[in-house]
$ cat start32.pdb   # PDB, C-alpha atoms
ATOM      1  CA  MET A  51     137.314 -12.059 172.634
ATOM      2  CA  GLU A  52     134.476 -14.582 172.640
ATOM      3  CA  PRO A  53     131.550 -14.207 170.199
ATOM      4  CA  LEU A  54     129.085 -11.644 171.486
ATOM      5  CA  GLN A  55     125.629 -12.814 172.567
ATOM      6  CA  LYS A  56     124.027  -9.490 173.552
ATOM      7  CA  PHE A  57     125.631  -7.144 170.987
ATOM      8  CA  THR A  58     126.062  -6.964 167.239
ATOM      9  CA  LYS A  59     129.080  -5.218 165.759
ATOM     10  CA  ILE A  60     128.403  -2.707 162.985
ATOM     11  CA  GLU A  61     131.661  -1.089 161.823
ATOM     12  CA  ASN A  62     133.004   0.737 164.921
ATOM     13  CA  GLN A  63     129.815   0.374 166.948
ATOM     14  CA  TYR A  64     128.476  -2.360 169.175
ATOM     15  CA  VAL A  65     124.667  -2.229 169.208
ATOM     16  CA  MET A  66     122.853  -4.059 171.990
ATOM     17  CA  LYS A  67     120.237  -6.510 170.746
ATOM     18  CA  ARG A  68     116.700  -5.697 171.810
ATOM     19  CA  GLN A  69     115.619  -7.062 175.179
ATOM     20  CA  HIS A  70     111.959  -7.960 174.689
ATOM     21  CA  GLY A  71     111.331 -10.270 177.656
ATOM     22  CA  PHE A  72     110.703  -7.948 180.584
ATOM     23  CA  GLY A  73     109.042  -5.217 178.509
ATOM     24  CA  LEU A  74     106.628  -7.637 176.898
ATOM     25  CA  ILE A  75     105.582  -8.966 180.295
ATOM     26  CA  VAL A  76     104.708  -5.402 181.349
ATOM     27  CA  VAL A  77     102.860  -4.781 178.063
ATOM     28  CA  LEU A  78     100.901  -8.030 178.380
ATOM     29  CA  GLY A  79      99.975  -7.142 181.970
ATOM     30  CA  MET A  80      98.611  -3.765 180.905
ATOM     31  CA  ALA A  81      96.792  -5.317 177.953
ATOM     32  CA  ALA A  82      95.187  -7.759 180.398
ATOM     33  CA  PHE A  83      93.910  -4.804 182.445
ATOM     34  CA  ALA A  84      92.530  -3.210 179.268
ATOM     35  CA  PHE A  85      90.674  -6.445 178.453
ATOM     36  CA  ALA A  86      89.459  -6.609 182.055
ATOM     37  CA  GLY A  87      87.987  -3.155 181.426
ATOM     38  CA  LEU A  88      86.093  -4.661 178.479
ATOM     39  CA  TRP A  89      84.890  -7.492 180.699
ATOM     40  CA  PHE A  90      83.644  -5.108 183.411
ATOM     41  CA  LYS A  91      82.398  -2.539 180.858
ATOM     42  CA  ASN A  92      84.616   0.176 182.373
ATOM     43  CA  THR A  93      85.396   2.644 179.584
ATOM     44  CA  ALA A  94      87.984   4.635 181.597
ATOM     45  CA  MET A  95      89.947   1.479 182.371
ATOM     46  CA  ILE A  96      89.903   0.438 178.698
ATOM     47  CA  TRP A  97      91.224   3.816 177.512
ATOM     48  CA  ILE A  98      93.839   4.286 180.232
ATOM     49  CA  PHE A  99      95.379   0.824 179.996
ATOM     50  CA  GLY A 100      94.929   0.666 176.219
ATOM     51  CA  ILE A 101      96.921   3.864 175.736
ATOM     52  CA  LEU A 102      99.557   2.791 178.281
ATOM     53  CA  THR A 103      99.892  -0.558 176.486
ATOM     54  CA  VAL A 104     100.546   1.141 173.145
ATOM     55  CA  LEU A 105     103.022   3.639 174.657
ATOM     56  CA  CYS A 106     104.971   0.905 176.444
ATOM     57  CA  LEU A 107     105.054  -1.204 173.288
ATOM     58  CA  ILE A 108     106.482   1.719 171.318
ATOM     59  CA  SER A 109     108.973   2.385 174.124
ATOM     60  CA  ILE A 110     110.331  -1.164 173.848
ATOM     61  CA  PHE A 111     111.311  -0.568 170.236
ATOM     62  CA  VAL A 112     112.752   2.929 170.849
ATOM     63  CA  ASN A 113     115.180   1.913 173.618
ATOM     64  CA  HIS A 114     118.746   1.176 172.543
ATOM     65  CA  VAL A 115     122.342   1.080 173.787
ATOM     66  CA  VAL A 116     125.291   1.678 171.459
ATOM     67  CA  ILE A 117     128.978   1.465 172.338
ATOM     68  CA  ASP A 118     130.710   3.696 169.802
ATOM     69  CA  ILE A 119     134.415   2.841 169.686
ATOM     70  CA  SER A 120     135.451   5.578 167.250
ATOM     71  CA  ARG A 121     133.873   8.342 169.381
ATOM     72  CA  ARG A 122     134.789   6.509 172.635
ATOM     73  CA  GLU A 123     131.324   6.828 174.166
ATOM     74  CA  ILE A 124     128.260   4.876 175.163
ATOM     75  CA  ILE A 125     124.923   6.143 173.844
ATOM     76  CA  ILE A 126     121.855   5.170 175.869
ATOM     77  CA  LYS A 127     118.271   5.905 174.807
ATOM     78  CA  ASN A 128     115.596   5.091 177.398
ATOM     79  CA  GLY A 129     111.911   5.834 177.017
ATOM     80  CA  LEU A 130     109.966   7.946 174.564
ATOM     81  CA  MET A 131     110.516  11.478 175.840
ATOM     82  CA  ILE A 132     114.035  11.248 177.273
ATOM     83  CA  PRO A 133     116.766  12.302 174.809
ATOM     84  CA  PRO A 134     119.731   9.954 174.234
ATOM     85  CA  VAL A 135     122.540  10.220 176.790
ATOM     86  CA  GLN A 136     126.100  10.245 175.437
ATOM     87  CA  ILE A 137     128.623   9.055 178.013
ATOM     88  CA  PRO A 138     132.347   9.298 177.197
ATOM     89  CA  PHE A 139     134.393   6.294 178.331
ATOM     90  CA  ASP A 140     136.491   8.525 180.588
ATOM     91  CA  ASN A 141     133.408   9.684 182.524
ATOM     92  CA  ILE A 142     132.256   6.193 183.509
ATOM     93  CA  VAL A 143     132.325   5.729 187.280
ATOM     94  CA  ASN A 144     130.925   2.201 187.644
ATOM     95  CA  PHE A 145     128.145  -0.221 186.775
ATOM     96  CA  GLU A 146     125.487  -1.337 189.224
ATOM     97  CA  LEU A 147     123.425  -4.501 189.124
ATOM     98  CA  VAL A 148     120.231  -4.119 191.186
ATOM     99  CA  ARG A 149     118.003  -7.069 192.050
ATOM    100  CA  MET A 150     114.548  -6.456 193.522
ATOM    101  CA  LYS A 151     112.973  -9.302 195.476
ATOM    102  CA  GLN A 152     109.579  -9.703 197.040
ATOM    103  CA  TYR A 153     108.842 -12.688 199.244
ATOM    104  CA  PHE A 154     112.068 -14.418 198.115
ATOM    105  CA  ILE A 155     111.096 -14.099 194.436
ATOM    106  CA  THR A 156     113.143 -11.911 192.112
ATOM    107  CA  ILE A 157     110.733  -9.546 190.369
ATOM    108  CA  ASN A 158     113.189  -7.244 188.538
ATOM    109  CA  VAL A 159     116.896  -7.003 187.820
ATOM    110  CA  SER A 160     118.338  -3.840 186.311
ATOM    111  CA  LEU A 161     121.776  -2.850 185.069
ATOM    112  CA  ASN A 162     122.654   0.814 185.647
ATOM    113  CA  LEU A 163     125.616   2.923 184.569
ATOM    114  CA  TYR A 164     126.963   5.681 186.812
ATOM    115  CA  TYR A 165     128.918   8.452 185.129
ATOM    116  CA  LEU A 166     130.137  12.006 185.721
ATOM    117  CA  LYS A 167     128.464  14.940 184.024
ATOM    118  CA  ASN A 168     129.475  18.485 184.988
ATOM    119  CA  GLU A 169     131.362  17.002 187.966
ATOM    120  CA  LYS A 170     128.137  15.450 189.312
ATOM    121  CA  GLU A 171     127.404  11.743 189.406
ATOM    122  CA  GLN A 172     124.495  10.718 187.159
ATOM    123  CA  CYS A 173     122.819   7.362 186.572
ATOM    124  CA  SER A 174     121.313   5.844 183.452
ATOM    125  CA  GLY A 175     119.631   2.473 183.060
ATOM    126  CA  ILE A 176     121.072   0.103 180.483
ATOM    127  CA  ALA A 177     118.707  -2.871 180.663
ATOM    128  CA  GLN A 178     116.112  -4.644 182.793
ATOM    129  CA  GLY A 179     115.313  -8.300 183.054
ATOM    130  CA  LEU A 180     114.014 -11.074 185.228
ATOM    131  CA  THR A 181     117.222 -12.986 185.962
ATOM    132  CA  THR A 182     120.482 -11.879 187.522
ATOM    133  CA  ARG A 183     122.416 -14.199 185.222
ATOM    134  CA  SER A 184     121.225 -12.443 182.025
ATOM    135  CA  MET A 185     122.125  -9.002 183.375
ATOM    136  CA  GLN A 186     125.503 -10.281 184.610
ATOM    137  CA  ASN A 187     126.213 -11.739 181.152
ATOM    138  CA  LEU A 188     125.329  -8.361 179.602
ATOM    139  CA  LEU A 189     127.641  -6.572 182.040
ATOM    140  CA  ASN A 190     130.454  -9.050 181.269
ATOM    141  CA  GLU A 191     130.118  -8.367 177.527
ATOM    142  CA  ILE A 192     130.173  -4.592 178.071
ATOM    143  CA  GLN A 193     133.314  -4.944 180.185
ATOM    144  CA  GLU A 194     134.955  -7.136 177.531
ATOM    145  CA  ILE A 195     134.217  -4.579 174.813
ATOM    146  CA  LEU A 196     135.558  -1.710 176.920
ATOM    147  CA  LYS A 197     138.686  -3.623 177.957
ATOM    148  CA  GLU A 198     139.401  -4.700 174.396
ATOM    149  CA  HIS A 199     139.357  -1.094 173.281
ATOM    150  CA  GLU A 200     141.563   0.088 176.152
ATOM    151  CA  HIS A 201     139.134   1.864 178.411
ATOM    152  CA  SER A 202     141.191   3.381 181.208
ATOM    153  CA  GLY A 203     138.358   4.192 183.616
ATOM    154  CA  THR A 204     137.318   2.222 186.671
ATOM    155  CA  ILE A 205     134.842  -0.564 186.166
TER     156      ILE A 205
END

$ encode --input "start32.pdb" --output "structure tokens"
Amino acid sequence: MEPLQKFTKIENQYVMKRQHGFGLIVVLGMAAFAFAGLWFKNTAMIWIFGILTVLCLISIFVNHVVIDISRREIIIKNGLMIPPVQIPFDNIVNFELVRMKQYFITINVSLNLYYLKNEKEQCSGIAQGLTTRSMQNLLNEIQEILKEHEHSGTI
């Protein structure tokens, strides 16, 4: 297996390194609106976008993805209020790479994981970014880790 770029190995766990790029762009955009509220002396705009900026900044540091080899599951934590999702390797259905374009410009790329829970298909986001190549590299590393540890499910 090649050296991992997107994950760090800690004992029997592979922890995804933080993806700051896309989240920081969103945070900076909201902070710009908060400062625009200062410029236009609009108190509601300052408070709304100021609070949203802080919440999104905290959310960036709370999100994480862990591939736990000993428990044979992937643990995904997205957002502040959503509890972590534990997905056994055997319940993985497939991965999906979604690219959103507007006027021929890619504005968002997300990597999603589909899995079975109570015999129903569920979806959980793994990461978001601005380039398809970075999300494809992340997906390739996840597949390498799962194949190395003999995941028998369909990918």

$ residues_around --input "start32.pdb" --residues "segment 145-147 of chain A" --least-positions-apart "4" --cutoff "9 Å" --atoms "only C-alpha atoms" --output "count of residues only"
12

$ resolve_selection --input "start32.pdb" --expression "the PyMOL selection byres ((chain A and resi 77-89) around 8)" --output "list in words"
Gly73, Leu74, Ile75, Val76, Phe90, Lys91, Asn92, Thr93, Ala94, Met95, Ile96, Trp97, Ile98, Phe99, Gly100, Leu102, Thr103, Cys106 and Leu107 of chain A

$ closest_residue --input "start32.pdb" --among "A:Ile108, A:Ile192, A:Ile132, A:Ile101" --to "Ile176 of chain A" --atoms "only C-alpha atoms"
A:Ile192

$ residues_around --input "start32.pdb" --residues "Gln55 of chain A" --least-positions-apart "6" --cutoff "10 Å" --atoms "only C-alpha atoms" --output "list in words"
Met66, Lys67, Asn187, Leu188 and Glu191 of chain A

$ residues_around --input "start32.pdb" --residues "Lys167 of chain A" --least-positions-apart "3" --cutoff "9 Å" --atoms "only C-alpha atoms" --output "count of residues only"
5

$ resolve_selection --input "start32.pdb" --expression "the PyMOL selection byres ((chain A and resi 158) around 6)" --output "short mmCIF file (atom, residue, chain, number, x, y, z; two decimals) with C-alpha atoms, in the frame of the given file"
data_model
loop_
_atom_site.label_atom_id
_atom_site.label_comp_id
_atom_site.auth_asym_id
_atom_site.auth_seq_id
_atom_site.Cartn_x
_atom_site.Cartn_y
_atom_site.Cartn_z
CA ARG A 149 118.00 -7.07 192.05
CA MET A 150 114.55 -6.46 193.52
CA THR A 156 113.14 -11.91 192.11
CA ILE A 157 110.73 -9.55 190.37
CA VAL A 159 116.90 -7.00 187.82
CA GLY A 179 115.31 -8.30 183.05
CA LEU A 180 114.01 -11.07 185.23
#

$ axis_aligned_box --input "start32.pdb" --around "segment 125-137 of chain A" --padding-each-side "4 Å" --output "AutoDock Vina command-line options"
--center_x 119.3 --center_y 8.7 --center_z 175.9 --size_x 26.7 --size_y 15.2 --size_z 12.2

$ closest_residue --input "start32.pdb" --among "A:Leu105, A:Gln152, A:Gly175, A:Ile119" --to "Val135 of chain A" --atoms "all atoms listed in the file"
A:Gly175

$ atom_distance --input "start32.pdb" --atom1 "atom CA of Asp140 of chain A" --atom2 "atom CA of His114 of chain A"
20.8 Å

$ closest_residue --input "start32.pdb" --among "A:Leu196, A:Ile110, A:Cys173, A:Leu130" --to "Val143 of chain A" --atoms "all atoms listed in the file"
A:Cys173

$ atom_distance --input "start32.pdb" --atom1 "atom CA of Lys127 of chain A" --atom2 "atom CA of Lys151 of chain A"
26.2 Å

$ residues_near_point --input "start32.pdb" --point "(130.7, -0.7, 172.6)" --cutoff "10 Å" --atoms "all atoms listed in the file" --output "NGL selection string"
:A and (57-59 or 62-66 or 115-120 or 122-125 or 139 or 191-196 or 198-199)

$ atom_distance --input "start32.pdb" --atom1 "atom CA of Lys197 of chain A" --atom2 "atom CA of Arg68 of chain A"
22.9 Å

$ residues_near_point --input "start32.pdb" --point "(111.7, 0.9, 176.1)" --cutoff "6 Å" --atoms "all atoms listed in the file" --output "PyMOL selection string"
chain A and resi 109-110+112-113+128-129
